[in-house]
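What's in upload_38.txt: compact mmCIF, C-alpha atoms
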```txt
# COMPACT_ATOMS: atom_id res chain seq x y z
CA MET S 140 92.17 -11.08 -56.58
CA ASP S 141 88.92 -12.48 -55.14
CA ASP S 142 86.66 -9.74 -56.47
CA GLU S 143 83.13 -10.91 -57.43
CA ASP S 144 81.56 -7.55 -58.33
CA ASP S 145 83.33 -6.47 -61.51
CA ARG S 146 82.11 -8.93 -64.19
CA THR S 147 81.90 -8.87 -67.98
CA GLU S 148 78.89 -10.16 -69.94
CA LEU S 149 80.78 -13.40 -70.60
CA GLY S 150 81.57 -13.87 -66.90
CA GLY S 151 85.08 -12.44 -67.00
CA TYR S 152 86.75 -10.70 -64.07
CA PRO S 153 88.36 -7.46 -65.36
CA LEU S 154 89.48 -6.27 -61.93
CA ARG S 155 91.16 -9.60 -61.21
CA ARG S 156 92.90 -9.46 -64.60
CA ASN S 157 94.37 -6.05 -63.79
CA ALA S 158 95.35 -7.12 -60.29
CA ALA S 159 97.11 -10.22 -61.64
CA ARG S 160 99.04 -8.11 -64.13
CA ALA S 161 100.01 -5.48 -61.57
CA LEU S 162 101.26 -8.08 -59.07
CA GLY S 163 103.91 -9.26 -61.52
CA LYS S 164 105.15 -5.76 -62.14
CA LEU S 165 105.50 -5.03 -58.44
CA GLY S 166 108.12 -7.78 -58.22
CA ASP S 167 106.95 -8.82 -54.74
CA ARG S 168 107.28 -12.53 -53.97
CA SER S 169 104.44 -12.38 -51.44
CA ALA S 170 102.11 -12.15 -54.46
CA VAL S 171 103.03 -15.68 -55.59
CA SER S 172 100.45 -17.66 -53.60
CA GLY S 173 97.60 -15.42 -54.78
CA LEU S 174 98.77 -15.74 -58.38
CA ILE S 175 98.99 -19.52 -58.08
CA ARG S 176 95.35 -19.60 -56.90
CA SER S 177 94.42 -17.39 -59.87
CA LEU S 178 95.64 -20.11 -62.23
CA ASP S 179 92.36 -21.89 -61.31
CA CYS S 180 90.16 -18.88 -62.10
CA PRO S 181 87.39 -19.63 -64.63
CA ASP S 182 88.38 -16.47 -66.57
CA PHE S 183 91.04 -17.33 -69.22
CA TYR S 184 92.47 -13.82 -69.11
CA VAL S 185 93.00 -13.93 -65.35
CA ARG S 186 94.87 -17.25 -65.77
CA GLU S 187 96.94 -15.72 -68.57
CA ALA S 188 97.82 -12.59 -66.59
CA ALA S 189 98.71 -14.73 -63.56
CA ALA S 190 101.04 -16.92 -65.66
CA GLN S 191 102.70 -13.82 -67.12
CA SER S 192 103.24 -12.35 -63.66
CA LEU S 193 104.62 -15.67 -62.39
CA GLU S 194 107.07 -15.56 -65.31
CA LEU S 195 108.33 -12.21 -64.03
CA LEU S 196 108.52 -13.36 -60.40
CA ARG S 197 110.28 -16.66 -61.28
CA ASP S 198 109.30 -18.44 -58.08
CA PRO S 199 109.69 -22.24 -58.33
CA ALA S 200 106.75 -22.61 -55.92
CA ALA S 201 104.49 -21.94 -58.92
CA THR S 202 105.86 -24.86 -60.95
CA PRO S 203 103.31 -27.59 -60.01
CA ALA S 204 100.30 -25.33 -60.64
CA LEU S 205 101.71 -24.16 -63.98
CA MET S 206 102.48 -27.74 -65.04
CA LYS S 207 98.89 -28.74 -64.30
CA LEU S 208 97.67 -26.41 -67.05
CA LEU S 209 99.75 -28.34 -69.62
CA GLU S 210 98.50 -31.78 -68.59
CA GLY S 211 95.82 -31.96 -71.27
CA GLY S 212 98.63 -32.12 -73.83
CA VAL S 213 98.45 -30.92 -77.42
CA SER S 214 95.19 -32.78 -78.12
CA GLY S 215 93.47 -30.74 -75.38
CA ALA S 216 95.09 -27.49 -76.51
CA MET S 217 92.43 -26.53 -79.00
CA PRO S 218 90.51 -23.32 -79.68
CA ILE S 219 87.45 -22.63 -77.52
CA PRO S 220 84.43 -22.18 -79.83
CA GLY S 221 83.36 -18.54 -79.98
CA ARG S 222 86.48 -17.30 -78.19
CA PRO S 223 89.74 -15.98 -79.70
CA HIS S 224 91.88 -18.21 -77.47
CA LEU S 225 92.77 -21.83 -76.70
CA ALA S 226 91.59 -23.78 -73.64
CA GLU S 227 94.52 -22.55 -71.54
CA PRO S 228 97.12 -19.72 -71.86
CA TYR S 229 99.71 -22.28 -73.02
CA GLU S 230 102.23 -19.77 -74.31
CA SER S 231 102.38 -17.80 -71.06
CA VAL S 232 102.47 -21.00 -69.01
CA MET S 233 105.38 -22.48 -70.99
CA GLU S 234 107.22 -19.17 -70.91
CA ALA S 235 106.78 -18.97 -67.13
CA LEU S 236 108.07 -22.53 -66.69
CA GLY S 237 111.05 -21.66 -68.89
CA ALA S 238 111.83 -18.48 -66.95
CA ILE S 239 111.57 -20.36 -63.64
CA GLY S 240 113.87 -23.05 -65.04
CA ALA S 241 111.49 -25.85 -64.08
CA SER S 242 113.37 -28.73 -65.71
CA GLU S 243 110.78 -31.23 -64.36
CA ALA S 244 108.34 -29.70 -66.91
CA VAL S 245 110.36 -30.73 -69.98
CA SER S 246 108.24 -33.76 -70.84
CA LEU S 247 105.05 -31.66 -70.63
CA VAL S 248 106.43 -28.80 -72.74
CA GLU S 249 108.08 -30.90 -75.45
CA PRO S 250 104.86 -32.17 -77.13
CA PHE S 251 103.86 -28.54 -77.75
CA LEU S 252 106.73 -28.27 -80.28
CA GLN S 253 104.26 -30.09 -82.56
CA HIS S 254 101.29 -27.81 -81.88
CA PRO S 255 99.62 -26.68 -85.13
CA ILE S 256 99.73 -22.96 -84.19
CA PRO S 257 103.18 -21.43 -84.90
CA ARG S 258 103.23 -19.03 -81.94
CA VAL S 259 102.53 -21.93 -79.55
CA GLN S 260 105.44 -23.82 -81.15
CA PHE S 261 107.66 -20.77 -80.66
CA ALA S 262 106.70 -20.53 -76.98
CA ALA S 263 107.58 -24.23 -76.63
CA LEU S 264 110.93 -23.70 -78.39
CA ARG S 265 111.69 -20.73 -76.14
CA SER S 266 110.79 -22.70 -73.04
CA MET S 267 112.71 -25.82 -74.13
CA TYR S 268 115.81 -23.72 -74.76
CA GLN S 269 115.57 -22.22 -71.29
CA LEU S 270 114.93 -25.61 -69.67
CA THR S 271 117.61 -27.61 -71.50
CA GLY S 272 120.11 -25.07 -72.88
CA ASP S 273 120.05 -27.13 -76.09
CA GLU S 274 121.13 -24.92 -79.03
CA THR S 275 118.84 -26.79 -81.43
CA TYR S 276 115.82 -24.98 -80.01
CA GLY S 277 117.47 -21.57 -80.38
CA GLN S 278 118.45 -22.42 -83.95
CA ARG S 279 114.87 -23.41 -84.77
CA LEU S 280 113.70 -19.98 -83.60
CA VAL S 281 116.37 -18.35 -85.78
CA GLN S 282 115.07 -20.44 -88.68
CA ALA S 283 111.53 -19.18 -87.98
CA LEU S 284 112.79 -15.60 -88.42
CA SER S 285 113.15 -16.18 -92.14
CA GLU S 286 109.64 -17.60 -92.51
CA GLY S 287 106.11 -16.33 -92.12
CA ASP S 288 104.66 -12.83 -92.15
CA VAL S 289 105.87 -9.78 -90.26
CA LYS S 290 103.51 -10.47 -87.33
CA GLN S 291 105.11 -13.86 -86.84
CA LYS S 292 108.58 -12.35 -87.10
CA ARG S 293 107.77 -9.89 -84.32
CA ILE S 294 106.77 -12.77 -82.05
CA VAL S 295 109.96 -14.70 -82.82
CA LEU S 296 112.07 -11.57 -82.27
CA ALA S 297 110.51 -11.17 -78.82
CA ASP S 298 111.18 -14.87 -78.06
CA LEU S 299 114.84 -14.65 -79.09
CA GLY S 300 115.25 -11.48 -77.00
CA ALA S 301 113.62 -13.15 -74.00
CA ILE S 302 116.01 -16.11 -74.06
CA GLY S 303 119.02 -13.89 -74.81
CA TYR S 304 120.19 -16.19 -77.60
CA LEU S 305 123.46 -14.55 -78.74
CA PRO S 306 124.03 -16.58 -81.93
CA ALA S 307 120.82 -14.98 -83.25
CA ALA S 308 122.20 -11.42 -83.15
CA GLU S 309 123.02 -11.07 -86.85
CA ALA S 310 119.82 -12.83 -87.96
CA ILE S 311 117.82 -10.46 -85.75
CA ALA S 312 119.52 -7.40 -87.23
CA ARG S 313 118.92 -8.69 -90.78
CA SER S 314 115.35 -9.83 -90.26
CA ASP S 315 112.50 -8.30 -92.18
CA ALA S 316 110.67 -6.42 -89.38
CA GLU S 317 110.58 -2.90 -87.98
CA ASN S 318 113.76 -1.58 -86.34
CA SER S 319 111.93 -1.03 -83.04
CA PHE S 320 111.27 -4.78 -82.70
CA LYS S 321 114.82 -5.68 -83.70
CA LEU S 322 116.30 -3.20 -81.21
CA LEU S 323 114.15 -4.62 -78.42
CA ALA S 324 115.28 -8.18 -79.23
CA LEU S 325 118.95 -7.16 -79.31
CA LYS S 326 118.46 -5.35 -76.01
CA GLY S 327 117.28 -8.69 -74.61
CA LEU S 328 120.55 -10.32 -75.71
CA ILE S 329 122.55 -7.63 -73.87
CA GLU S 330 120.44 -7.99 -70.72
CA ALA S 331 120.83 -11.75 -70.63
CA HIS S 332 124.61 -11.33 -70.61
CA ALA S 333 124.84 -8.13 -68.57
CA ALA S 334 127.13 -9.58 -65.90
CA GLU S 335 130.02 -8.41 -68.05
CA LEU S 336 128.87 -5.10 -69.53
CA LEU S 337 131.49 -4.92 -72.28
CA SER S 338 132.39 -8.35 -73.63
CA THR S 339 133.32 -9.14 -77.23
CA ASP S 340 129.76 -10.42 -77.67
CA SER S 341 128.03 -7.39 -76.21
CA ILE S 342 130.15 -5.01 -78.33
CA ARG S 343 129.13 -7.04 -81.38
CA VAL S 344 125.45 -6.63 -80.42
CA LEU S 345 125.84 -2.90 -79.65
CA ASN S 346 127.33 -2.32 -83.10
CA LEU S 347 124.34 -4.05 -84.68
CA MET S 348 122.00 -1.87 -82.58
CA ASP S 349 123.78 1.33 -83.63
CA ASN S 350 123.10 0.47 -87.26
CA LEU S 351 119.37 0.18 -86.56
CA LEU S 352 118.98 3.71 -85.17
CA MET C 188 120.67 8.00 -123.19
CA THR C 189 117.40 7.87 -121.33
CA ASP C 190 115.89 11.12 -120.20
CA THR C 191 115.45 11.47 -116.41
CA ALA C 192 111.83 12.48 -117.03
CA ASP C 193 111.25 8.97 -118.44
CA LEU C 194 112.86 7.38 -115.40
CA ILE C 195 110.65 9.47 -113.11
CA ARG C 196 107.56 8.48 -115.08
CA ALA C 197 108.58 4.82 -114.81
CA VAL C 198 108.62 5.13 -111.00
CA GLU C 199 105.29 6.96 -110.86
CA GLN C 200 103.58 4.55 -113.22
CA ALA C 201 105.03 1.27 -111.87
CA ASP C 202 101.98 -0.93 -111.27
CA THR C 203 103.67 -3.91 -109.60
CA PRO C 204 106.24 -4.07 -106.79
CA PRO C 205 108.93 -5.70 -108.99
CA ARG C 206 108.50 -2.98 -111.64
CA LEU C 207 108.69 -0.33 -108.95
CA LEU C 208 111.96 -1.76 -107.63
CA VAL C 209 113.53 -1.80 -111.10
CA ALA C 210 112.36 1.76 -111.80
CA VAL C 211 113.61 3.11 -108.46
CA LYS C 212 116.95 1.34 -108.94
CA THR C 213 117.38 2.88 -112.39
CA LEU C 214 116.44 6.36 -111.20
CA ALA C 215 118.73 6.14 -108.16
CA LYS C 216 121.61 4.94 -110.33
CA ALA C 217 121.17 7.85 -112.77
CA GLN C 218 122.26 10.24 -109.98
CA ASP C 219 120.41 13.14 -111.62
CA GLU C 220 119.30 15.91 -109.26
CA ALA C 221 116.04 16.18 -111.18
CA GLY C 222 115.13 12.74 -109.77
CA ILE C 223 115.56 13.75 -106.12
CA PRO C 224 111.91 14.72 -105.37
CA THR C 225 110.72 11.41 -106.86
CA LEU C 226 113.23 9.41 -104.79
CA ILE C 227 111.99 11.27 -101.71
CA ALA C 228 108.38 10.43 -102.65
CA VAL C 229 109.35 6.74 -102.79
CA LEU C 230 110.22 6.92 -99.06
CA GLY C 231 106.49 7.27 -98.45
CA TYR C 232 105.38 4.32 -100.61
CA ASN C 233 105.36 1.95 -97.64
CA ASN C 234 107.77 -0.35 -99.48
CA PRO C 235 110.90 -0.84 -97.33
CA VAL C 236 113.02 -2.38 -100.11
CA ALA C 237 112.25 0.46 -102.52
CA ALA C 238 112.86 3.00 -99.73
CA GLU C 239 116.30 1.56 -98.98
CA ILE C 240 117.27 1.86 -102.65
CA ALA C 241 115.96 5.43 -102.80
CA ILE C 242 117.82 6.35 -99.58
CA ASP C 243 121.10 5.02 -100.97
CA GLY C 244 120.59 7.08 -104.13
CA LEU C 245 119.83 10.22 -102.11
CA ILE C 246 122.84 9.73 -99.84
CA GLN C 247 125.13 9.26 -102.86
CA MET C 248 123.95 12.58 -104.28
CA GLY C 249 124.93 14.08 -100.92
CA SER C 250 124.77 17.86 -100.70
CA ALA C 251 122.20 18.18 -103.52
CA SER C 252 119.70 16.04 -101.57
CA VAL C 253 119.85 18.03 -98.34
CA GLN C 254 117.53 20.96 -99.05
CA PRO C 255 114.87 18.85 -100.83
CA LEU C 256 114.93 16.30 -97.97
CA ILE C 257 114.30 19.13 -95.49
CA THR C 258 111.65 20.91 -97.58
CA LEU C 259 109.77 17.74 -98.52
CA LEU C 260 109.88 16.17 -95.05
CA ASP C 261 106.64 14.19 -94.75
CA GLU C 262 104.61 15.60 -91.87
CA TYR C 263 102.01 12.86 -91.96
CA ASN C 264 103.89 9.63 -92.66
CA TYR C 265 106.36 8.93 -89.87
CA GLY C 266 107.84 5.97 -91.74
CA ALA C 267 108.79 8.27 -94.61
CA ARG C 268 110.04 10.85 -92.14
CA ALA C 269 112.32 8.30 -90.45
CA TYR C 270 113.87 7.42 -93.82
CA SER C 271 114.43 11.10 -94.65
CA ILE C 272 116.04 11.78 -91.29
CA ARG C 273 118.26 8.72 -91.72
CA ALA C 274 119.34 10.08 -95.12
CA LEU C 275 120.05 13.52 -93.63
CA ALA C 276 121.99 11.91 -90.78
CA ALA C 277 124.09 9.92 -93.23
CA ILE C 278 124.82 12.92 -95.47
CA ALA C 279 125.71 14.82 -92.27
CA ASP C 280 125.39 18.29 -93.78
CA PRO C 281 124.98 20.86 -90.95
CA ARG C 282 122.15 22.56 -92.87
CA ALA C 283 120.07 19.73 -91.37
CA LEU C 284 120.92 20.82 -87.81
CA ASP C 285 117.60 22.52 -87.02
CA VAL C 286 115.46 19.71 -88.38
CA LEU C 287 117.58 17.12 -86.55
CA LEU C 288 117.33 19.08 -83.27
CA ALA C 289 113.56 19.40 -83.55
CA SER C 290 113.06 15.78 -84.64
CA ALA C 291 115.26 14.38 -81.87
CA ALA C 292 113.49 16.43 -79.21
CA THR C 293 109.84 16.40 -80.20
CA ASP C 294 108.88 13.99 -82.99
CA PHE C 295 106.19 11.60 -81.76
CA ALA C 296 107.75 8.64 -83.60
CA PRO C 297 110.65 6.97 -81.75
CA SER C 298 112.21 5.77 -85.03
CA VAL C 299 112.47 9.40 -86.20
CA ARG C 300 113.89 10.56 -82.88
CA ARG C 301 116.52 7.80 -82.80
CA ALA C 302 117.72 8.56 -86.32
CA ALA C 303 117.93 12.29 -85.54
CA ALA C 304 119.79 11.75 -82.26
CA LYS C 305 122.37 9.58 -83.97
CA GLY C 306 122.68 12.14 -86.79
CA LEU C 307 123.37 15.00 -84.37
CA GLY C 308 126.54 13.26 -83.32
CA SER C 309 128.14 12.96 -86.73
CA LEU C 310 127.54 16.21 -88.62
CA HIS C 311 130.39 17.63 -90.73
CA TRP C 312 130.93 20.61 -88.45
CA ASP C 313 133.76 21.95 -90.61
CA LEU C 314 131.16 22.85 -93.27
CA LEU C 315 129.72 25.35 -90.82
CA ASP C 316 131.12 28.85 -90.54
CA SER C 317 133.45 28.90 -87.52
CA SER C 318 131.47 31.76 -85.93
CA LEU C 319 128.37 29.51 -85.81
CA ARG C 320 130.05 26.24 -85.00
CA SER C 321 130.30 26.33 -81.21
CA THR C 322 126.71 27.54 -80.76
CA ALA C 323 125.48 24.76 -83.03
CA GLN C 324 127.49 22.14 -81.17
CA ALA C 325 126.22 23.45 -77.85
CA GLN C 326 122.64 23.08 -79.12
CA ALA C 327 123.31 19.51 -80.18
CA ILE C 328 124.81 18.68 -76.78
CA GLU C 329 121.91 20.32 -74.97
CA THR C 330 119.26 18.42 -76.92
CA LEU C 331 121.08 15.09 -76.64
CA SER C 332 121.72 15.55 -72.90
CA SER C 333 118.05 16.26 -72.38
CA ILE C 334 116.80 13.20 -74.30
CA ALA C 335 119.42 11.05 -72.58
CA GLN C 336 116.83 11.21 -69.73
CA ASP C 337 113.86 10.20 -71.93
CA ALA C 338 111.36 7.63 -70.68
CA ASP C 339 111.99 5.46 -73.77
CA TRP C 340 115.20 3.43 -73.40
CA SER C 341 115.79 3.41 -77.18
CA ILE C 342 115.85 7.23 -77.24
CA ARG C 343 118.33 7.28 -74.36
CA TYR C 344 120.43 4.74 -76.23
CA ALA C 345 120.42 6.83 -79.42
CA ALA C 346 121.31 9.95 -77.40
CA ILE C 347 124.42 8.19 -76.08
CA VAL C 348 125.41 7.23 -79.64
CA GLY C 349 125.02 10.88 -80.69
CA LEU C 350 126.96 12.16 -77.68
CA GLN C 351 129.77 9.71 -78.36
CA GLY C 352 130.11 11.23 -81.83
CA LEU C 353 130.39 14.72 -80.34
CA ALA C 354 132.80 13.55 -77.63
CA ASN C 355 135.22 12.60 -80.40
CA LEU C 356 135.90 16.34 -80.64
CA PRO C 357 138.38 17.07 -77.81
CA GLU C 358 136.97 20.55 -77.11
CA LEU C 359 133.48 19.11 -76.41
CA ARG C 360 134.53 16.24 -74.17
CA GLU C 361 134.39 18.16 -70.93
CA ALA C 362 130.79 19.30 -71.51
CA ILE C 363 129.65 15.72 -72.24
CA ALA C 364 131.49 13.86 -69.47
CA PRO C 365 128.85 14.55 -66.76
CA VAL C 366 126.10 13.12 -69.01
CA PHE C 367 128.06 9.89 -69.46
CA GLU C 368 128.63 9.75 -65.72
CA GLN C 369 124.93 10.08 -65.01
CA THR C 370 123.74 7.66 -67.70
CA ALA C 371 126.28 5.06 -66.56
CA GLN C 372 123.66 4.41 -63.83
CA ASP C 373 120.79 3.91 -66.31
CA ALA C 374 118.09 1.40 -65.36
CA ASP C 375 118.57 -0.51 -68.63
CA ALA C 376 121.63 -2.70 -69.09
CA ALA C 377 121.72 -1.97 -72.84
CA VAL C 378 122.02 1.78 -72.18
CA ARG C 379 124.68 1.21 -69.50
CA ALA C 380 126.61 -1.01 -71.90
CA ARG C 381 126.41 1.65 -74.61
CA VAL C 382 127.72 4.29 -72.19
CA ALA C 383 130.58 1.96 -71.26
CA LEU C 384 131.42 1.54 -74.94
CA ALA C 385 131.22 5.31 -75.56
CA THR C 386 133.50 6.15 -72.67
CA GLN C 387 135.91 3.35 -73.52
CA THR C 388 136.54 4.62 -77.06
CA SER C 389 136.58 8.30 -76.10
CA PRO C 390 138.48 8.37 -72.81
```
Will you turn the file into structure tokens for me?
Amino acid sequence: MDDEDDRTELGGYPLRRNAARALGKLGDRSAVSGLIRSLDCPDFYVREAAAQSLELLRDPAATPALMKLLEGGVSGAMPIPGRPHLAEPYESVMEALGAIGASEAVSLVEPFLQHPIPRVQFAALRSMYQLTGDETYGQRLVQALSEGDVKQKRIVLADLGAIGYLPAAEAIARSDAENSFKLLALKGLIEAHAAELLSTDSIRVLNLMDNLL
Amino acid sequence: MTDTADLIRAVEQADTPPRLLVAVKTLAKAQDEAGIPTLIAVLGYNNPVAAEIAIDGLIQMGSASVQPLITLLDEYNYGARAYSIRALAAIADPRALDVLLASAATDFAPSVRRAAAKGLGSLHWDLLDSSLRSTAQAQAIETLSSIAQDADWSIRYAAIVGLQGLANLPELREAIAPVFEQTAQDADAAVRARVALATQTSP
């Protein structure tokens, strides 16, 4: 994570990016402090991979460092000239805060509901739903499933799967995207409610999945 | 009375998506076997709405669609192939057994494999000569048991759906029970839930 040798022409750190990604997949909490430090790395993609891994590890210790990346607000969250990304990996950061359940981050996440880029709005909706449990945010994601192009629909499907929003099941099954993406989203709904393997809700979702095979 | 040849020409010459939809709808509704190859061609047009209409027309023609669907299976376009396999699975004619077995086991496209796995569970076995039936069922169980261990969770899920269909036949239940037992420990909750549902409805 502190490698200085492997550099891209633009100053990126490919080895650190890979390390940050791998640390999340290992599921080892001892990686958290290294990942938190990586949120300060000058390479955007290292910060993004670190936020994604912190989402998987769900350690509240990462909350303050993640929140710091949102402090510039929506006005600071603009594209970097010459790069295909914004100043910070806002989507991954908000999704990590949502997965951690960092309710103290609500006031920092909320303004991003107004961000001009739809996928940033969706990440904010997803995070706000996880942080507040307010159905309105889930419903707004369901609404987004009937708008936009197929690329946008795939993103929203992934968001609904990640938050396990059961009322979306029928809208997911009906949505205008490939069956693979719909199946993955419905799988997310089952996983979020897996404590009881066969409930009325999970049977409802399984029947929808069967029809997508 | 419009000639089917005209309806086929209307599909082939449709120059806008709305015209194509109308033409496919009309051809599908005519239920003329002469239109089957054209309806199958529509599955490869990369137009999901038109494909769904064509699929429904092919399924309604049932038995007559089976051989053309097998012969004209698109080797290059996996989207078209997935639609064809879904149609064959829905018609459930055991003449499709070999193509379903091969597709479930080795197609590179997960959508094709899922449709085939599901189809293997719901064939009309009574259409098959009784001397061939148990061998054919054993092949289906063997293929589905094997892909119930696939690396892709969605393939494992589809295998369970197929096996549940076979387990509805009392004489096959014993052969399938160990697979359900093993997959009840699957790493993915969705697969475990599907096994629970399968074993609940076929005790």
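CA of Leu226 in chain C sits 11.8 Å away from CA of Arg196 in chain C.
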Query raised in the report: Smallest atom-to-atom distance to Gly327 in chain S: which of S:Pro306, S:Pro181, S:Gly300, S:Pro203, using all atoms listed in the file?
Result: S:Gly300
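Shell of Ser285 in chain S at 10 Å, with only C-alpha atoms counted and residues fewer than 2 places along the chain excluded, is Leu280, Val281, Gln282, Ala283, Gly287, Asp288, Val289, Gln291, Lys292, Val295, Ala310, Ile311, Arg313, Ser314 and Asp315 of chain S.
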Please, what is the axis-aligned box for every listed atom of range 292-295 of chain C with 5 Å on each side, as centre and edge lengths in Å to one decimal, as AutoDock Vina command-line options?
```
--center_x 109.8 --center_y 14.0 --center_z -81.1 --size_x 17.3 --size_y 14.8 --size_z 13.8
```
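Neighbouring residues of Asp145 in chain S at 9 Å or closer, counting all atoms listed in the file and skipping chain neighbours under 4 positions away, are Gly151, Tyr152, Pro153, Leu154 and Arg155 of chain S.
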Requested in this report: Up to 7 Å from chain C, what residues of chain S turn up? Count all atoms listed in the file and give them as a list in words.
Outcome: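 Matching residues, ligands excluded from the count: Lys326, Ile329, Glu330, Ala333, Leu336, Leu337, Leu345 and Leu352 of chain S.
Coordinates place CA of Glu194 in chain S at a distance of 6.8 Å from CA of Ile239 in chain S.
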Query raised in the report: In Å to one decimal, how far is CA of Leu196 in chain S from CA of Gln269 in chain S?
Result: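 One can read the CA of Gln269 in chain S to CA of Leu196 in chain S distance as 15.7 Å.
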Query - Exercise: Leu307 in chain C partners within 12 Å, only C-alpha atoms, chain neighbours under 5 positions left out, as number ranges by chain - result: C: 272-273, 275-292, 300-302, 312, 323-332, 345-354
Requested in this report: Pick out the closest residue to Thr322 in chain C from this set: C:Ala364, C:Leu359, C:Ala385, C:Leu256. Count all atoms listed in the file.
Outcome: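 The shortest atom-to-atom distance to Thr322 in chain C comes from C:Leu359.
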Query raised in the report: Quick one: residues within 12 Å of Asp167 in chain S, only C-alpha atoms counted, chain neighbours fewer than 4 positions away excluded, as a list in words?
Result: Ala161, Leu162, Gly163, Val171, Ser172, Gly173, Leu174, Ser192, Leu193, Leu195, Leu196, Arg197 and Asp198 of chain S
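Residues with any atom within 12 Å of the point (121.1, 6.2, -112.1), counting all atoms listed in the file, are Met188, Thr189, Asp190, Thr191, Leu194, Ile195, Val209, Ala210, Val211, Lys212, Thr213, Leu214, Ala215, Lys216, Ala217, Gln218, Asp219, Glu220, Ala221, Gly222, Ile223, Leu226, Ile240, Ala241, Asp243, Gly244, Leu245, Gln247 and Met248 of chain C.
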Output file for the selection above: C-alpha atoms, as a compact mmCIF listing (two decimals), keeping the file's coordinate frame:
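File part-v4.txt, as written:
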```txt
# COMPACT_ATOMS: atom_id res chain seq x y z
CA MET C 188 120.67 8.00 -123.19
CA THR C 189 117.40 7.87 -121.33
CA ASP C 190 115.89 11.12 -120.20
CA THR C 191 115.45 11.47 -116.41
CA LEU C 194 112.86 7.38 -115.40
CA ILE C 195 110.65 9.47 -113.11
CA VAL C 209 113.53 -1.80 -111.10
CA ALA C 210 112.36 1.76 -111.80
CA VAL C 211 113.61 3.11 -108.46
CA LYS C 212 116.95 1.34 -108.94
CA THR C 213 117.38 2.88 -112.39
CA LEU C 214 116.44 6.36 -111.20
CA ALA C 215 118.73 6.14 -108.16
CA LYS C 216 121.61 4.94 -110.33
CA ALA C 217 121.17 7.85 -112.77
CA GLN C 218 122.26 10.24 -109.98
CA ASP C 219 120.41 13.14 -111.62
CA GLU C 220 119.30 15.91 -109.26
CA ALA C 221 116.04 16.18 -111.18
CA GLY C 222 115.13 12.74 -109.77
CA ILE C 223 115.56 13.75 -106.12
CA LEU C 226 113.23 9.41 -104.79
CA ILE C 240 117.27 1.86 -102.65
CA ALA C 241 115.96 5.43 -102.80
CA ASP C 243 121.10 5.02 -100.97
CA GLY C 244 120.59 7.08 -104.13
CA LEU C 245 119.83 10.22 -102.11
CA GLN C 247 125.13 9.26 -102.86
CA MET C 248 123.95 12.58 -104.28
```
Report task. Go through S:Ala334, S:Ala262, S:Leu252, S:Leu328 one by one, measure the shortest atom-to-atom distance of each to Val213 in chain S using only C-alpha atoms, and give the residue with the smallest value. Result -> S:Leu252
Requested in this report: Excluding Pro250 in chain S and residues on its chain fewer than 4 positions from it, collect all residues at most 12 Å away from it, counting all atoms listed in the file, and give them as a list in words.
Outcome: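 Near neighbours after the sequence-gap exclusion: Leu209, Glu210, Gly211, Gly212, Val213, Ser214, Gly215, Ala216, Tyr229, Met233, Ala244, Val245, Ser246, His254, Pro255, Val259, Gln260, Ala262, Ala263, Leu264, Ser266 and Met267 of chain S.
When all atoms listed in the file are used to compute distances to Val185 in chain S, the closest of the residues S:Arg279, S:Arg156, S:Arg293, S:Arg146 turns out to be S:Arg156.
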Report task. Point out the residue among C:Asp339, C:Ser321, C:Ile334, C:Asp202 with the least atom-to-atom distance to Glu358 in chain C, counting only C-alpha atoms. Result ->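 Among the listed residues, C:Ser321 lies closest to Glu358 in chain C.
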Query raised in the report: Quick one: of C:Val366, C:Ala296, C:Ala267, C:Ala192, who's nearest to Ile242 in chain C, counting all atoms listed in the file?
Result: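 Of C:Val366, C:Ala296, C:Ala267, C:Ala192, the one nearest Ile242 in chain C, counting all atoms listed in the file, is C:Ala267.
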Any chance you could export range 223-230 of chain C with N, CA and C atoms, as a PDB file, in the first residue's frame?
```
ATOM      1  N   ILE C 223     -42.461 -19.720 -39.678  1.00  0.00           N
ATOM      2  CA  ILE C 223     -41.578 -20.062 -38.555  1.00  0.00           C
ATOM      3  C   ILE C 223     -40.126 -19.610 -38.756  1.00  0.00           C
ATOM      4  N   PRO C 224     -39.496 -19.893 -39.914  1.00  0.00           N
ATOM      5  CA  PRO C 224     -38.094 -19.462 -40.074  1.00  0.00           C
ATOM      6  C   PRO C 224     -37.925 -17.941 -39.944  1.00  0.00           C
ATOM      7  N   THR C 225     -38.909 -17.183 -40.404  1.00  0.00           N
ATOM      8  CA  THR C 225     -38.825 -15.726 -40.289  1.00  0.00           C
ATOM      9  C   THR C 225     -38.950 -15.293 -38.828  1.00  0.00           C
ATOM     10  N   LEU C 226     -39.874 -15.921 -38.094  1.00  0.00           N
ATOM     11  CA  LEU C 226     -40.002 -15.591 -36.664  1.00  0.00           C
ATOM     12  C   LEU C 226     -38.707 -15.919 -35.925  1.00  0.00           C
ATOM     13  N   ILE C 227     -38.060 -17.025 -36.303  1.00  0.00           N
ATOM     14  CA  ILE C 227     -36.786 -17.386 -35.678  1.00  0.00           C
ATOM     15  C   ILE C 227     -35.712 -16.341 -36.030  1.00  0.00           C
ATOM     16  N   ALA C 228     -35.728 -15.864 -37.275  1.00  0.00           N
ATOM     17  CA  ALA C 228     -34.755 -14.837 -37.673  1.00  0.00           C
ATOM     18  C   ALA C 228     -34.921 -13.571 -36.836  1.00  0.00           C
ATOM     19  N   VAL C 229     -36.174 -13.249 -36.489  1.00  0.00           N
ATOM     20  CA  VAL C 229     -36.442 -12.042 -35.698  1.00  0.00           C
ATOM     21  C   VAL C 229     -35.745 -12.102 -34.328  1.00  0.00           C
ATOM     22  N   LEU C 230     -35.543 -13.318 -33.808  1.00  0.00           N
ATOM     23  CA  LEU C 230     -34.871 -13.464 -32.512  1.00  0.00           C
ATOM     24  C   LEU C 230     -33.455 -12.900 -32.554  1.00  0.00           C
TER      25      LEU C 230
END
```
